[in-house]
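Containing PDB, N, CA and C atoms: work_17.pdb.
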ATOM      1  N   MET A   1    -105.517  79.998  88.091
ATOM      2  CA  MET A   1    -104.593  79.185  87.327
ATOM      3  C   MET A   1    -103.314  79.011  88.122
ATOM      4  N   LEU A   2    -102.781  77.831  88.097
ATOM      5  CA  LEU A   2    -101.557  77.556  88.814
ATOM      6  C   LEU A   2    -100.369  78.180  88.096
ATOM      7  N   ALA A   3     -99.420  78.665  88.868
ATOM      8  CA  ALA A   3     -98.213  79.217  88.279
ATOM      9  C   ALA A   3     -97.292  78.068  87.876
ATOM     10  N   PHE A   4     -96.743  78.156  86.693
ATOM     11  CA  PHE A   4     -95.807  77.143  86.238
ATOM     12  C   PHE A   4     -94.737  77.811  85.394
ATOM     13  N   ASP A   5     -93.615  77.158  85.266
ATOM     14  CA  ASP A   5     -92.483  77.690  84.537
ATOM     15  C   ASP A   5     -92.729  77.552  83.031
ATOM     16  N   PRO A   6     -92.712  78.652  82.291
ATOM     17  CA  PRO A   6     -92.973  78.572  80.851
ATOM     18  C   PRO A   6     -91.926  77.742  80.093
ATOM     19  N   LEU A   7     -90.665  77.824  80.503
ATOM     20  CA  LEU A   7     -89.634  77.052  79.819
ATOM     21  C   LEU A   7     -89.845  75.555  80.020
ATOM     22  N   LEU A   8     -90.197  75.168  81.221
ATOM     23  CA  LEU A   8     -90.458  73.758  81.497
ATOM     24  C   LEU A   8     -91.676  73.273  80.711
ATOM     25  N   SER A   9     -92.713  74.078  80.648
ATOM     26  CA  SER A   9     -93.895  73.709  79.864
ATOM     27  C   SER A   9     -93.550  73.588  78.388
ATOM     28  N   PHE A  10     -92.738  74.502  77.888
ATOM     29  CA  PHE A  10     -92.305  74.444  76.490
ATOM     30  C   PHE A  10     -91.588  73.129  76.207
ATOM     31  N   LEU A  11     -90.663  72.767  77.087
ATOM     32  CA  LEU A  11     -89.901  71.539  76.886
ATOM     33  C   LEU A  11     -90.783  70.294  76.993
ATOM     34  N   ILE A  12     -91.730  70.311  77.932
ATOM     35  CA  ILE A  12     -92.614  69.155  78.082
ATOM     36  C   ILE A  12     -93.514  68.999  76.857
ATOM     37  N   VAL A  13     -94.054  70.097  76.356
ATOM     38  CA  VAL A  13     -94.900  70.029  75.159
ATOM     39  C   VAL A  13     -94.069  69.595  73.951
ATOM     40  N   LEU A  14     -92.832  70.036  73.878
ATOM     41  CA  LEU A  14     -91.935  69.622  72.802
ATOM     42  C   LEU A  14     -91.699  68.104  72.849
ATOM     43  N   VAL A  15     -91.450  67.583  74.035
ATOM     44  CA  VAL A  15     -91.228  66.142  74.197
ATOM     45  C   VAL A  15     -92.508  65.357  73.885
ATOM     46  N   ILE A  16     -93.652  65.879  74.309
ATOM     47  CA  ILE A  16     -94.929  65.223  73.991
ATOM     48  C   ILE A  16     -95.121  65.135  72.483
ATOM     49  N   GLY A  17     -94.833  66.217  71.774
ATOM     50  CA  GLY A  17     -94.992  66.226  70.322
ATOM     51  C   GLY A  17     -94.052  65.265  69.619
ATOM     52  N   ILE A  18     -92.782  65.253  70.044
ATOM     53  CA  ILE A  18     -91.812  64.344  69.431
ATOM     54  C   ILE A  18     -92.200  62.890  69.694
ATOM     55  N   ALA A  19     -92.557  62.599  70.941
ATOM     56  CA  ALA A  19     -92.945  61.231  71.286
ATOM     57  C   ALA A  19     -94.186  60.799  70.510
ATOM     58  N   ALA A  20     -95.171  61.675  70.410
ATOM     59  CA  ALA A  20     -96.383  61.330  69.669
ATOM     60  C   ALA A  20     -96.072  61.070  68.200
ATOM     61  N   GLY A  21     -95.212  61.903  67.618
ATOM     62  CA  GLY A  21     -94.846  61.706  66.219
ATOM     63  C   GLY A  21     -94.115  60.404  65.978
ATOM     64  N   LEU A  22     -93.177  60.077  66.859
ATOM     65  CA  LEU A  22     -92.412  58.841  66.690
ATOM     66  C   LEU A  22     -93.275  57.607  66.938
ATOM     67  N   ILE A  23     -94.132  57.676  67.944
ATOM     68  CA  ILE A  23     -95.029  56.543  68.222
ATOM     69  C   ILE A  23     -96.018  56.362  67.082
ATOM     70  N   TYR A  24     -96.555  57.458  66.586
ATOM     71  CA  TYR A  24     -97.513  57.370  65.484
ATOM     72  C   TYR A  24     -96.856  56.774  64.245
ATOM     73  N   ASP A  25     -95.620  57.182  63.971
ATOM     74  CA  ASP A  25     -94.934  56.654  62.797
ATOM     75  C   ASP A  25     -94.654  55.165  62.951
ATOM     76  N   ARG A  26     -94.368  54.722  64.166
ATOM     77  CA  ARG A  26     -94.142  53.300  64.414
ATOM     78  C   ARG A  26     -95.423  52.496  64.268
ATOM     79  N   VAL A  27     -96.529  53.036  64.800
ATOM     80  CA  VAL A  27     -97.798  52.316  64.777
ATOM     81  C   VAL A  27     -98.417  52.331  63.380
ATOM     82  N   ALA A  28     -98.510  53.515  62.795
ATOM     83  CA  ALA A  28     -99.171  53.642  61.495
ATOM     84  C   ALA A  28     -98.241  53.276  60.354
ATOM     85  N   GLY A  29     -96.945  53.409  60.566
ATOM     86  CA  GLY A  29     -95.986  53.128  59.511
ATOM     87  C   GLY A  29     -95.979  54.242  58.483
ATOM     88  N   PRO A  30     -94.900  54.360  57.762
ATOM     89  CA  PRO A  30     -94.852  55.400  56.734
ATOM     90  C   PRO A  30     -95.802  55.069  55.588
ATOM     91  N   GLY A  31     -96.341  56.075  54.983
ATOM     92  CA  GLY A  31     -97.229  55.877  53.853
ATOM     93  C   GLY A  31     -96.468  55.344  52.640
ATOM     94  N   TRP A  32     -97.193  54.804  51.698
ATOM     95  CA  TRP A  32     -96.561  54.237  50.514
ATOM     96  C   TRP A  32     -95.770  55.295  49.764
ATOM     97  N   LEU A  33     -96.371  56.455  49.563
ATOM     98  CA  LEU A  33     -95.705  57.519  48.826
ATOM     99  C   LEU A  33     -94.459  57.993  49.571
ATOM    100  N   GLY A  34     -94.540  58.107  50.872
ATOM    101  CA  GLY A  34     -93.386  58.522  51.657
ATOM    102  C   GLY A  34     -92.237  57.532  51.562
ATOM    103  N   ARG A  35     -92.555  56.256  51.534
ATOM    104  CA  ARG A  35     -91.505  55.236  51.392
ATOM    105  C   ARG A  35     -90.837  55.322  50.030
ATOM    106  N   GLN A  36     -91.626  55.616  49.006
ATOM    107  CA  GLN A  36     -91.080  55.668  47.654
ATOM    108  C   GLN A  36     -90.193  56.887  47.435
ATOM    109  N   ILE A  37     -90.578  58.008  48.018
ATOM    110  CA  ILE A  37     -89.876  59.271  47.757
ATOM    111  C   ILE A  37     -88.808  59.560  48.797
ATOM    112  N   ALA A  38     -89.169  59.523  50.050
ATOM    113  CA  ALA A  38     -88.300  60.068  51.081
ATOM    114  C   ALA A  38     -87.489  59.026  51.834
ATOM    115  N   GLY A  39     -87.935  57.833  51.920
ATOM    116  CA  GLY A  39     -87.253  56.861  52.747
ATOM    117  C   GLY A  39     -87.783  56.919  54.175
ATOM    118  N   SER A  40     -87.222  56.105  55.054
ATOM    119  CA  SER A  40     -87.790  55.990  56.400
ATOM    120  C   SER A  40     -87.332  57.093  57.336
ATOM    121  N   ARG A  41     -86.092  57.554  57.247
ATOM    122  CA  ARG A  41     -85.583  58.577  58.176
ATOM    123  C   ARG A  41     -86.321  59.895  58.022
ATOM    124  N   ARG A  42     -86.544  60.289  56.811
ATOM    125  CA  ARG A  42     -87.214  61.559  56.577
ATOM    126  C   ARG A  42     -88.651  61.523  57.082
ATOM    127  N   GLY A  43     -89.288  60.382  56.991
ATOM    128  CA  GLY A  43     -90.649  60.227  57.484
ATOM    129  C   GLY A  43     -90.705  60.369  58.996
ATOM    130  N   LEU A  44     -89.683  59.870  59.699
ATOM    131  CA  LEU A  44     -89.627  60.015  61.152
ATOM    132  C   LEU A  44     -89.518  61.479  61.553
ATOM    133  N   VAL A  45     -88.663  62.208  60.853
ATOM    134  CA  VAL A  45     -88.475  63.627  61.173
ATOM    135  C   VAL A  45     -89.757  64.401  60.887
ATOM    136  N   THR A  46     -90.399  64.103  59.775
ATOM    137  CA  THR A  46     -91.648  64.787  59.438
ATOM    138  C   THR A  46     -92.728  64.482  60.463
ATOM    139  N   SER A  47     -92.846  63.233  60.863
ATOM    140  CA  SER A  47     -93.841  62.873  61.869
ATOM    141  C   SER A  47     -93.566  63.569  63.195
ATOM    142  N   ALA A  48     -92.300  63.663  63.575
ATOM    143  CA  ALA A  48     -91.953  64.346  64.823
ATOM    144  C   ALA A  48     -92.299  65.831  64.747
ATOM    145  N   LEU A  49     -92.018  66.465  63.612
ATOM    146  CA  LEU A  49     -92.326  67.891  63.461
ATOM    147  C   LEU A  49     -93.832  68.154  63.444
ATOM    148  N   VAL A  50     -94.571  67.297  62.779
ATOM    149  CA  VAL A  50     -96.031  67.432  62.764
ATOM    150  C   VAL A  50     -96.591  67.186  64.162
ATOM    151  N   GLY A  51     -96.019  66.234  64.882
ATOM    152  CA  GLY A  51     -96.433  65.980  66.258
ATOM    153  C   GLY A  51     -96.167  67.180  67.161
ATOM    154  N   ILE A  52     -95.029  67.840  66.975
ATOM    155  CA  ILE A  52     -94.713  69.041  67.756
ATOM    156  C   ILE A  52     -95.726  70.141  67.467
ATOM    157  N   ALA A  53     -96.023  70.346  66.193
ATOM    158  CA  ALA A  53     -97.005  71.375  65.830
ATOM    159  C   ALA A  53     -98.365  71.067  66.448
ATOM    160  N   GLY A  54     -98.784  69.833  66.385
ATOM    161  CA  GLY A  54    -100.065  69.439  66.965
ATOM    162  C   GLY A  54    -100.086  69.583  68.472
ATOM    163  N   ALA A  55     -98.962  69.286  69.115
ATOM    164  CA  ALA A  55     -98.894  69.418  70.574
ATOM    165  C   ALA A  55     -99.036  70.877  70.991
ATOM    166  N   PHE A  56     -98.391  71.772  70.286
ATOM    167  CA  PHE A  56     -98.520  73.188  70.631
ATOM    168  C   PHE A  56     -99.925  73.713  70.336
ATOM    169  N   ILE A  57    -100.518  73.259  69.252
ATOM    170  CA  ILE A  57    -101.893  73.657  68.948
ATOM    171  C   ILE A  57    -102.843  73.148  70.032
ATOM    172  N   GLY A  58    -102.707  71.881  70.397
ATOM    173  CA  GLY A  58    -103.561  71.299  71.433
ATOM    174  C   GLY A  58    -103.355  71.959  72.790
ATOM    175  N   PHE A  59    -102.120  72.290  73.127
ATOM    176  CA  PHE A  59    -101.806  72.954  74.393
ATOM    177  C   PHE A  59    -102.519  74.296  74.485
ATOM    178  N   HIS A  60    -102.455  75.073  73.421
ATOM    179  CA  HIS A  60    -103.064  76.404  73.453
ATOM    180  C   HIS A  60    -104.591  76.344  73.360
ATOM    181  N   ILE A  61    -105.126  75.421  72.608
ATOM    182  CA  ILE A  61    -106.581  75.274  72.553
ATOM    183  C   ILE A  61    -107.117  74.811  73.898
ATOM    184  N   ALA A  62    -106.393  73.915  74.563
ATOM    185  CA  ALA A  62    -106.811  73.465  75.895
ATOM    186  C   ALA A  62    -106.820  74.636  76.868
ATOM    187  N   GLY A  63    -105.868  75.525  76.747
ATOM    188  CA  GLY A  63    -105.850  76.719  77.590
ATOM    189  C   GLY A  63    -107.004  77.652  77.290
ATOM    190  N   LEU A  64    -107.368  77.783  76.021
ATOM    191  CA  LEU A  64    -108.482  78.653  75.639
ATOM    192  C   LEU A  64    -109.822  78.084  76.064
ATOM    193  N   VAL A  65    -109.953  76.764  75.999
ATOM    194  CA  VAL A  65    -111.212  76.118  76.355
ATOM    195  C   VAL A  65    -111.452  76.141  77.853
ATOM    196  N   GLY A  66    -110.387  76.199  78.619
ATOM    197  CA  GLY A  66    -110.547  76.254  80.066
ATOM    198  C   GLY A  66    -109.968  75.068  80.802
ATOM    199  N   LEU A  67    -109.240  74.235  80.092
ATOM    200  CA  LEU A  67    -108.601  73.105  80.751
ATOM    201  C   LEU A  67    -107.329  73.528  81.479
ATOM    202  N   GLY A  68    -107.014  74.815  81.426
ATOM    203  CA  GLY A  68    -105.799  75.326  82.027
ATOM    204  C   GLY A  68    -105.878  75.513  83.529
ATOM    205  N   MET A  69    -106.961  75.076  84.146
ATOM    206  CA  MET A  69    -107.049  75.169  85.603
ATOM    207  C   MET A  69    -106.017  74.272  86.264
ATOM    208  N   SER A  70    -105.645  73.207  85.585
ATOM    209  CA  SER A  70    -104.545  72.379  86.060
ATOM    210  C   SER A  70    -103.551  72.220  84.912
ATOM    211  N   VAL A  71    -102.300  72.164  85.257
ATOM    212  CA  VAL A  71    -101.268  72.031  84.237
ATOM    213  C   VAL A  71    -101.400  70.690  83.523
ATOM    214  N   LEU A  72    -101.857  69.682  84.233
ATOM    215  CA  LEU A  72    -102.042  68.364  83.634
ATOM    216  C   LEU A  72    -103.065  68.414  82.498
ATOM    217  N   GLY A  73    -104.100  69.229  82.648
ATOM    218  CA  GLY A  73    -105.096  69.381  81.593
ATOM    219  C   GLY A  73    -104.501  69.947  80.321
ATOM    220  N   LEU A  74    -103.552  70.863  80.479
ATOM    221  CA  LEU A  74    -102.883  71.431  79.310
ATOM    222  C   LEU A  74    -102.033  70.384  78.598
ATOM    223  N   TYR A  75    -101.362  69.543  79.379
ATOM    224  CA  TYR A  75    -100.518  68.510  78.774
ATOM    225  C   TYR A  75    -101.359  67.426  78.110
ATOM    226  N   ILE A  76    -102.506  67.115  78.682
ATOM    227  CA  ILE A  76    -103.421  66.169  78.038
ATOM    228  C   ILE A  76    -103.934  66.763  76.733
ATOM    229  N   GLY A  77    -104.233  68.058  76.753
ATOM    230  CA  GLY A  77    -104.637  68.745  75.532
ATOM    231  C   GLY A  77    -103.541  68.703  74.476
ATOM    232  N   ALA A  78    -102.283  68.819  74.911
ATOM    233  CA  ALA A  78    -101.160  68.741  73.974
ATOM    234  C   ALA A  78    -101.075  67.358  73.340
ATOM    235  N   ALA A  79    -101.270  66.321  74.134
ATOM    236  CA  ALA A  79    -101.208  64.955  73.606
ATOM    237  C   ALA A  79    -102.359  64.689  72.628
ATOM    238  N   VAL A  80    -103.544  65.143  72.984
ATOM    239  CA  VAL A  80    -104.703  64.960  72.102
ATOM    240  C   VAL A  80    -104.519  65.759  70.817
ATOM    241  N   GLY A  81    -104.021  66.978  70.945
ATOM    242  CA  GLY A  81    -103.779  67.808  69.766
ATOM    243  C   GLY A  81    -102.752  67.190  68.834
ATOM    244  N   ALA A  82    -101.684  66.635  69.406
ATOM    245  CA  ALA A  82    -100.665  65.987  68.580
ATOM    246  C   ALA A  82    -101.244  64.782  67.846
ATOM    247  N   ALA A  83    -102.014  63.965  68.556
ATOM    248  CA  ALA A  83    -102.609  62.791  67.926
ATOM    249  C   ALA A  83    -103.583  63.191  66.818
ATOM    250  N   LEU A  84    -104.380  64.206  67.068
ATOM    251  CA  LEU A  84    -105.367  64.640  66.074
ATOM    252  C   LEU A  84    -104.694  65.222  64.829
ATOM    253  N   VAL A  85    -103.691  66.057  65.014
ATOM    254  CA  VAL A  85    -103.009  66.652  63.860
ATOM    255  C   VAL A  85    -102.250  65.584  63.072
ATOM    256  N   LEU A  86    -101.627  64.637  63.766
ATOM    257  CA  LEU A  86    -100.946  63.549  63.058
ATOM    258  C   LEU A  86    -101.927  62.712  62.255
ATOM    259  N   TRP A  87    -103.089  62.455  62.841
ATOM    260  CA  TRP A  87    -104.102  61.679  62.129
ATOM    261  C   TRP A  87    -104.604  62.447  60.887
ATOM    262  N   LEU A  88    -104.852  63.741  61.049
ATOM    263  CA  LEU A  88    -105.295  64.549  59.901
ATOM    264  C   LEU A  88    -104.195  64.666  58.848
ATOM    265  N   TRP A  89    -102.964  64.761  59.277
ATOM    266  CA  TRP A  89    -101.836  64.820  58.347
ATOM    267  C   TRP A  89    -101.779  63.541  57.507
ATOM    268  N   ARG A  90    -102.016  62.415  58.150
ATOM    269  CA  ARG A  90    -101.984  61.137  57.438
ATOM    270  C   ARG A  90    -103.119  61.046  56.429
ATOM    271  N   LEU A  91    -104.295  61.579  56.794
ATOM    272  CA  LEU A  91    -105.433  61.551  55.877
ATOM    273  C   LEU A  91    -105.171  62.411  54.648
ATOM    274  N   MET A  92    -104.474  63.511  54.835
ATOM    275  CA  MET A  92    -104.225  64.429  53.717
ATOM    276  C   MET A  92    -103.151  63.900  52.774
ATOM    277  N   ARG A  93    -102.231  63.082  53.266
ATOM    278  CA  ARG A  93    -101.150  62.600  52.397
ATOM    279  C   ARG A  93    -101.608  61.515  51.533
TER     280      ARG A  93
END

Write-out of the structure in C-alpha cells:
Amino acid sequence: MLAFDPLLSFLIVLVIGIAAGLIYDRVAGPGWLGRQIAGSRRGLVTSALVGIAGAFIGFHIAGLVGLGMSVLGLYIGAAVGAALVLWLWRLMR
C-alpha cells in the first residue's frame, strides 16, 4: 500500500462528500416534503452531510475490499459510496 498523508486524505474525502451532496441536490432537487418543511438551504446542508457520511463509508469499504492498492481507488470508492448513500437517502425520504 502506498504511504499517504491521513490529514490530506481526510480533507479530500470531506470535499468529495460535500461536492457529491451539493451536486446531487442540484440534479435531483429537493424532495416535496423537504421543500414544504425545511426550505432549500436546510436541504443543501442535509445533502452535504449525507454525502460526507457516504464518502467516508465508501472510502473505508474500498480499503477493506482491496481497492487501497492505489490511493485513487480509495477516492473512487468514496465518490461511489457518497452517490450510493445519497441515492438510498432519497429513496427513504

Show me, as a ChimeraX atom specification, the residues that have an atom within 9 Å of segment 78-87 of chain A when counting only C-alpha atoms, minus same-chain residues fewer than 4 positions from it. /A:13,16-17,20-21,24,47,50-62,73-74,91-92

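Taking atom CA of Val45 of chain A and atom N of Ile23 of chain A as endpoints, the distance between them is 10.6 Å.
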
So what do you get for atom CA of Leu22 of chain A versus atom CA of Leu64 of chain A, distance-wise? 27.0 Å

Please put the answer as lines of an AutoDock Vina configuration file: centre and edge lengths, in Å with one decimal, of a box along x, y and z that encloses all listed atoms of segment 53-72 of chain A plus 3 Å on each side.
center_x = -103.7
center_y = 73.5
center_z = 76.0
size_x = 21.4
size_y = 16.3
size_z = 26.4

Running DSSP on the backbone, which parts of chain A land in alpha helix (DSSP H), as JSON, numbers by chain? {"A": [6, 7, 8, 9, 10, 11, 12, 13, 14, 15, 16, 17, 18, 19, 20, 21, 22, 23, 24, 25, 26, 27, 28, 32, 33, 34, 35, 36, 37, 40, 41, 42, 43, 44, 45, 46, 47, 48, 49, 50, 51, 52, 53, 54, 55, 56, 57, 58, 59, 60, 61, 62, 63, 64, 65, 71, 72, 73, 74, 75, 76, 77, 78, 79, 80, 81, 82, 83, 84, 85, 86, 87, 88, 89, 90, 91, 92]}

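Atom N of Tyr75 of chain A is positioned 23.2 Å from atom CA of Arg26 of chain A.
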
Residue rebuild result segment 57-73 of chain A, N, CA, C and O atoms as a CSV table (one decimal), in the coordinates of the input:
chain,number,residue,atom,x,y,z
A,57,ILE,N,-100.5,73.3,69.3
A,57,ILE,CA,-101.9,73.7,68.9
A,57,ILE,C,-102.8,73.1,70.0
A,57,ILE,O,-103.7,73.9,70.5
A,58,GLY,N,-102.7,71.9,70.4
A,58,GLY,CA,-103.6,71.3,71.4
A,58,GLY,C,-103.4,72.0,72.8
A,58,GLY,O,-104.3,72.2,73.5
A,59,PHE,N,-102.1,72.3,73.1
A,59,PHE,CA,-101.8,73.0,74.4
A,59,PHE,C,-102.5,74.3,74.5
A,59,PHE,O,-103.2,74.6,75.5
A,60,HIS,N,-102.5,75.1,73.4
A,60,HIS,CA,-103.1,76.4,73.5
A,60,HIS,C,-104.6,76.3,73.4
A,60,HIS,O,-105.3,77.1,74.0
A,61,ILE,N,-105.1,75.4,72.6
A,61,ILE,CA,-106.6,75.3,72.6
A,61,ILE,C,-107.1,74.8,73.9
A,61,ILE,O,-108.2,75.3,74.4
A,62,ALA,N,-106.4,73.9,74.6
A,62,ALA,CA,-106.8,73.5,75.9
A,62,ALA,C,-106.8,74.6,76.9
A,62,ALA,O,-107.7,74.7,77.7
A,63,GLY,N,-105.9,75.5,76.7
A,63,GLY,CA,-105.8,76.7,77.6
A,63,GLY,C,-107.0,77.7,77.3
A,63,GLY,O,-107.6,78.2,78.2
A,64,LEU,N,-107.4,77.8,76.0
A,64,LEU,CA,-108.5,78.7,75.6
A,64,LEU,C,-109.8,78.1,76.1
A,64,LEU,O,-110.7,78.8,76.4
A,65,VAL,N,-110.0,76.8,76.0
A,65,VAL,CA,-111.2,76.1,76.4
A,65,VAL,C,-111.5,76.1,77.9
A,65,VAL,O,-112.6,76.1,78.3
A,66,GLY,N,-110.4,76.2,78.6
A,66,GLY,CA,-110.5,76.3,80.1
A,66,GLY,C,-110.0,75.1,80.8
A,66,GLY,O,-110.2,74.9,82.0
A,67,LEU,N,-109.2,74.2,80.1
A,67,LEU,CA,-108.6,73.1,80.8
A,67,LEU,C,-107.3,73.5,81.5
A,67,LEU,O,-106.7,72.7,82.1
A,68,GLY,N,-107.0,74.8,81.4
A,68,GLY,CA,-105.8,75.3,82.0
A,68,GLY,C,-105.9,75.5,83.5
A,68,GLY,O,-105.0,76.1,84.1
A,69,MET,N,-107.0,75.1,84.1
A,69,MET,CA,-107.0,75.2,85.6
A,69,MET,C,-106.0,74.3,86.3
A,69,MET,O,-105.6,74.5,87.4
A,70,SER,N,-105.6,73.2,85.6
A,70,SER,CA,-104.5,72.4,86.1
A,70,SER,C,-103.6,72.2,84.9
A,70,SER,O,-103.9,72.2,83.7
A,71,VAL,N,-102.3,72.2,85.3
A,71,VAL,CA,-101.3,72.0,84.2
A,71,VAL,C,-101.4,70.7,83.5
A,71,VAL,O,-101.1,70.6,82.3
A,72,LEU,N,-101.9,69.7,84.2
A,72,LEU,CA,-102.0,68.4,83.6
A,72,LEU,C,-103.1,68.4,82.5
A,72,LEU,O,-102.9,67.7,81.5
A,73,GLY,N,-104.1,69.2,82.6
A,73,GLY,CA,-105.1,69.4,81.6
A,73,GLY,C,-104.5,69.9,80.3
A,73,GLY,O,-104.9,69.6,79.2
